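Down below is the structure, laid out as structure tokens.
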Amino acid sequence: MPTHMTRTALASTIAVGLSALSLAACSAGAPSTAGATSAGTSSTSSPAASTVATTSATSSPITSPITSPTTGTTRTPSATSSGPATPTAAPATSTPGRATGTATVVRTLATGIDVPWGLARLPDGTVLVSARDSFRVYRLDVAAARLARVGTVPGVVSNVAQQGEAGLLGIAVSPTFTRDHLVYAYYSTAGDNRIAAIPWDPSAPAGRQLGTPRVLVRGIPHNVHHNGGRIAFGPDGYLYATTGEAQQPALAQDKGSLGGKILRMTTAGRPAPGNPFGTLVWSYGHRNVQGIAWDAAGRLWASEFGDHSEDELNLIRPGRNYGWPQTEGRTSRAGITGPVAQWGPPEDSPSGIAIAQGSVWMAALRGQRLWRIPLDGSATTGTPQDFLVGRYGRLRSVLAVGSDTLLVTTSNRDGRQSPATGDDRILLVRVI
Ligand SMILES: [Ca+2]
């Protein structure tokens, strides 16, 4: 798949570079043929707009409980412990423990969404869902399994026809939402990726409740692939965003570029106090990060798509270099922080992550499974398990909505394979 194309192949697809700190958008992301070389290229379905199950919970099959295997398979994806050169990131030697977790799909909460991508909880417990290729935002009532249209984000450009990864990506809810009614979105235009604050007026008619985006950050490097896109407010109240290197690997090491980074900012889009370089950059040397989550102690964890050999789970610390493109997976190179766990792309290719029950839960696209990676402080422990292998297809995003409850979204309409009836869906998963 394109995410794991060789650098040689990528070289032919490199589009115009974007100066990270430039405010000017330029035309990156020229159509590329690289995507056509990927596997699993079968039909791209027609637009899902007409099939979206919106306001009626009873009119779709979403009320049928679905039971899935409750025991995972214990794998040995080289779970951590050896090698990172940086002492503070080097996990303690893990004890190969018995894998004891379970993951049970309780029900399907919603169907027919055109690639659900961002998930964010509102103060009342409902969840905002952004749809990558329809540019729509929905509100999901988890208890009632009811999905309602909020609005459509204007100015978004998808590239699903190229099997690309752009569109309406991450979404976040203002920490002061009850006062300001703002939501935040990470989305692609024809030439860049942007982060914007969008006012939401719930009193407006359904589907027309979003106002005009106020762009906080523009000029995030953009291409057909490697657009990053996850945003979330951290426990410190600042907005974090994950970017990709836009198929230009050198950008990941360029601290003056917004590509291949984890960013941390104020709600005005300015560098947050304490950022290590005085810029938006929080960590660098990333290839394409689409998953972030904080544990109970406030540590930031991130998933990362590798190239050929190793997808990664990283513990993120400010100012650290995570190695791309010099390294992929574990490394002993000085100055580079290696992952705490790694996997081969065929069984992973991770997008979203969440933390619940003391474990990271990682959605795998190509791997078509949900990984459970038990944590012990700043290290992993025991043996990761995988669940739902191949059962629902590609999995994109995970959100913890309770101590033992996750939302998990499928990603079968993203142009990489044939969707099944009802795709894409949001699953309610109970975990231990
Ligand atoms: Ca790395």
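We name chains A, B, ... following the order of the structure tokens; residues begin at 1 in each chain, and ligands are numbered from 1 as shown.
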
Exercise for review: Could you tell me, counting only C-alpha atoms and all ligand atoms, which protein and nucleic acid residues lie no more than 10 Å from ligand 1, written as a PyMOL selection string?
Suggested key: chain A and resi 284-288+303-306+310-314+321-331+336-340+342

For the interface of region 295-414 of chain A with region 100-111 of chain A (cut-off 12 Å, counting only C-alpha atoms), please tabulate each contacting residue of region 295-414 of chain A alongside its nearest pair of atoms and their separation in Å to one decimal, rows sorted by chain and increasing number, as JSON lines.
{"residue": "A:Ala356", "atom": "CA", "partner": "A:Gly101", "partner_atom": "CA", "distance": 11.1}
{"residue": "A:Gln357", "atom": "CA", "partner": "A:Gly101", "partner_atom": "CA", "distance": 9.0}
{"residue": "A:Gly358", "atom": "CA", "partner": "A:Gly101", "partner_atom": "CA", "distance": 10.3}
{"residue": "A:Ser359", "atom": "CA", "partner": "A:Gly101", "partner_atom": "CA", "distance": 9.1}
{"residue": "A:Val360", "atom": "CA", "partner": "A:Gly101", "partner_atom": "CA", "distance": 11.5}
{"residue": "A:Trp361", "atom": "CA", "partner": "A:Ala103", "partner_atom": "CA", "distance": 9.9}
{"residue": "A:Arg369", "atom": "CA", "partner": "A:Ala103", "partner_atom": "CA", "distance": 11.0}
{"residue": "A:Leu370", "atom": "CA", "partner": "A:Ala103", "partner_atom": "CA", "distance": 8.6}
{"residue": "A:Trp371", "atom": "CA", "partner": "A:Ala103", "partner_atom": "CA", "distance": 9.7}
{"residue": "A:Arg372", "atom": "CA", "partner": "A:Gly101", "partner_atom": "CA", "distance": 7.6}
{"residue": "A:Ile373", "atom": "CA", "partner": "A:Gly101", "partner_atom": "CA", "distance": 9.5}
{"residue": "A:Pro374", "atom": "CA", "partner": "A:Gly101", "partner_atom": "CA", "distance": 8.8}
{"residue": "A:Thr381", "atom": "CA", "partner": "A:Thr100", "partner_atom": "CA", "distance": 11.8}
{"residue": "A:Gly382", "atom": "CA", "partner": "A:Thr100", "partner_atom": "CA", "distance": 9.3}
{"residue": "A:Thr383", "atom": "CA", "partner": "A:Thr100", "partner_atom": "CA", "distance": 9.1}
{"residue": "A:Pro384", "atom": "CA", "partner": "A:Gly101", "partner_atom": "CA", "distance": 9.2}
{"residue": "A:Gln385", "atom": "CA", "partner": "A:Gly101", "partner_atom": "CA", "distance": 7.6}
{"residue": "A:Asp386", "atom": "CA", "partner": "A:Ala103", "partner_atom": "CA", "distance": 9.1}
{"residue": "A:Phe387", "atom": "CA", "partner": "A:Ala103", "partner_atom": "CA", "distance": 6.6}
{"residue": "A:Leu388", "atom": "CA", "partner": "A:Ala103", "partner_atom": "CA", "distance": 8.1}
{"residue": "A:Val389", "atom": "CA", "partner": "A:Ala103", "partner_atom": "CA", "distance": 11.4}
{"residue": "A:Arg391", "atom": "CA", "partner": "A:Val105", "partner_atom": "CA", "distance": 10.7}
{"residue": "A:Tyr392", "atom": "CA", "partner": "A:Val105", "partner_atom": "CA", "distance": 10.5}
{"residue": "A:Asp404", "atom": "CA", "partner": "A:Ala103", "partner_atom": "CA", "distance": 9.4}
{"residue": "A:Thr405", "atom": "CA", "partner": "A:Ala103", "partner_atom": "CA", "distance": 9.3}
{"residue": "A:Leu406", "atom": "CA", "partner": "A:Val105", "partner_atom": "CA", "distance": 9.4}
{"residue": "A:Leu407", "atom": "CA", "partner": "A:Leu109", "partner_atom": "CA", "distance": 8.8}
{"residue": "A:Val408", "atom": "CA", "partner": "A:Val105", "partner_atom": "CA", "distance": 9.3}
{"residue": "A:Thr409", "atom": "CA", "partner": "A:Ala110", "partner_atom": "CA", "distance": 9.4}
{"residue": "A:Thr410", "atom": "CA", "partner": "A:Thr111", "partner_atom": "CA", "distance": 9.6}
{"residue": "A:Ser411", "atom": "CA", "partner": "A:Thr111", "partner_atom": "CA", "distance": 11.4}
{"residue": "A:Asn412", "atom": "CA", "partner": "A:Thr111", "partner_atom": "CA", "distance": 11.6}
{"residue": "A:Arg413", "atom": "CA", "partner": "A:Thr111", "partner_atom": "CA", "distance": 11.6}

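Near Phe233 (chain A), within 8 Å and counting only C-alpha atoms, sit Ala172, Val173, Ser174, Pro175, Gly237, Tyr238, Leu239 and Tyr240 of chain A; same-chain residues fewer than 4 positions away were not included.
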
Exercise for review: Determine which residues of region 187-357 of chain A receive a DSSP assignment of helix (DSSP H, G or I), computed from the backbone, and state them as a list in words.
Suggested key: Pro249, Ala250, Leu251, Ala252, Gln253, Pro345, Pro346 and Glu347 of chain A

Would you mind exporting N, CA and C atoms of the selected residues as a CSV table (one decimal), in the first residue's frame?
chain,number,residue,atom,x,y,z
A,249,PRO,N,10.3,12.7,2.8
A,249,PRO,CA,10.9,12.3,4.1
A,249,PRO,C,11.8,13.3,4.8
A,250,ALA,N,12.5,14.1,4.1
A,250,ALA,CA,13.4,15.0,4.7
A,250,ALA,C,12.7,16.0,5.6
A,251,LEU,N,11.4,16.3,5.3
A,251,LEU,CA,10.7,17.3,6.1
A,251,LEU,C,10.6,16.8,7.5
A,252,ALA,N,10.6,15.5,7.8
A,252,ALA,CA,10.5,15.0,9.2
A,252,ALA,C,11.6,15.5,10.1
A,253,GLN,N,12.8,15.7,9.5
A,253,GLN,CA,14.0,16.1,10.2
A,253,GLN,C,14.2,17.6,10.2
A,345,PRO,N,4.1,-4.0,9.1
A,345,PRO,CA,2.9,-3.3,8.5
A,345,PRO,C,1.8,-4.2,8.1
A,346,PRO,N,2.0,-5.5,7.6
A,346,PRO,CA,0.9,-6.3,7.2
A,346,PRO,C,-0.1,-6.6,8.4
A,347,GLU,N,0.4,-6.6,9.6
A,347,GLU,CA,-0.5,-6.9,10.7
A,347,GLU,C,-0.8,-5.6,11.5

Could you give me, as a PDB file with N, CA and C atoms, in the first residue's frame, the residues within 7 Å of Ser283 (chain A), counting only C-alpha atoms and dropping anything in the same chain fewer than 6 positions from it?
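As written to disk, selection_5.pdb reads:
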ATOM      1  N   LYS A 261       5.581  15.832  12.131  1.00  0.00           N
ATOM      2  CA  LYS A 261       5.724  16.359  13.484  1.00  0.00           C
ATOM      3  C   LYS A 261       4.506  16.012  14.344  1.00  0.00           C
ATOM      4  N   ILE A 262       4.691  16.179  15.644  1.00  0.00           N
ATOM      5  CA  ILE A 262       3.553  16.383  16.535  1.00  0.00           C
ATOM      6  C   ILE A 262       3.646  17.829  16.987  1.00  0.00           C
ATOM      7  N   ARG A 317       7.938  12.547  23.978  1.00  0.00           N
ATOM      8  CA  ARG A 317       8.493  13.531  24.908  1.00  0.00           C
ATOM      9  C   ARG A 317       8.935  14.748  24.109  1.00  0.00           C
ATOM     10  N   PRO A 318       8.784  15.925  24.692  1.00  0.00           N
ATOM     11  CA  PRO A 318       9.034  17.150  23.926  1.00  0.00           C
ATOM     12  C   PRO A 318      10.465  17.254  23.428  1.00  0.00           C
ATOM     13  N   GLY A 319      10.591  17.686  22.196  1.00  0.00           N
ATOM     14  CA  GLY A 319      11.897  17.934  21.613  1.00  0.00           C
ATOM     15  C   GLY A 319      12.607  16.711  21.086  1.00  0.00           C
ATOM     16  N   ARG A 320      12.028  15.530  21.292  1.00  0.00           N
ATOM     17  CA  ARG A 320      12.704  14.309  20.846  1.00  0.00           C
ATOM     18  C   ARG A 320      12.595  14.112  19.327  1.00  0.00           C
ATOM     19  N   ASN A 321      13.615  13.417  18.838  1.00  0.00           N
ATOM     20  CA  ASN A 321      13.671  13.033  17.423  1.00  0.00           C
ATOM     21  C   ASN A 321      13.325  11.550  17.335  1.00  0.00           C
TER      22      ASN A 321
END

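Proximity of A:Ser188, A:Thr266, A:Gln209, A:Gln248 to Val160 (chain A), computed with only C-alpha atoms, is greatest for A:Ser188.
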
Exercise for review: Between A:Thr178, A:Val129, A:Ala334, A:Asn275, single out the one closest to Ala148 (chain A), counting only C-alpha atoms.
Suggested key: A:Val129

Practice item. Show which residues sit within 7 Å of Arg139 (chain A), as a PyMOL selection string. Count only C-alpha atoms, and ignore same-chain residues fewer than 2 positions away. Key: chain A and resi 126-129+137+141+147-150

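Here the question is which of A:Ala204, A:Leu168, A:Val398, A:Ala268 gets nearest to Val115 (chain A) using only C-alpha atoms, and that residue is A:Leu168.
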
Review point. Which polymer residues have any atom within 9 Å of an atom of Val289 (chain A), counting only C-alpha atoms, with same-chain residues fewer than 5 positions away left out, as a ChimeraX atom specification?
Key: /A:226-230,242-244,260-262,302-305,350-352

**Study point:** For Thr380 (chain A), the nearest of the candidates A:Ala341, A:Val153, A:Leu216, A:Met265, counting only C-alpha atoms
**Key:** A:Ala341

Point to revise | Tyr184 (chain A) environment, 9 Å, only C-alpha atoms, sequence neighbours closer than 6 positions dropped, as number ranges by chain | key: A: 170-174, 195-199, 213, 231-232

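Atom to atom, CA of Pro154 (chain A) and CA of Arg136 (chain A) stand 9.2 Å apart.
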
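Taking CA of Ile355 (chain A) and CA of Trp282 (chain A) as the two end points, the separation is 20.7 Å.
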
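Closest to Ala99 (chain A) among A:Leu315, A:Ala379, A:Ile432, A:Ala293 is A:Ile432, based on only C-alpha atoms.
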
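Counting from CA of Gly377 (chain A), the distance to CA of Ile316 (chain A) is 13.2 Å.
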
Exercise for review: Please give the complete set of residues from region 148-367 of chain A that DSSP, run on the backbone, assigns to strand (DSSP E or B), formatted as a PyMOL selection string.
Suggested key: chain A and resi 148-152+168-173+182-188+193-200+210+214-220+231-233+239-242+244+261-265+271+281-284+288+291-294+300-304+311-316+321+341-343+350-356+359-364
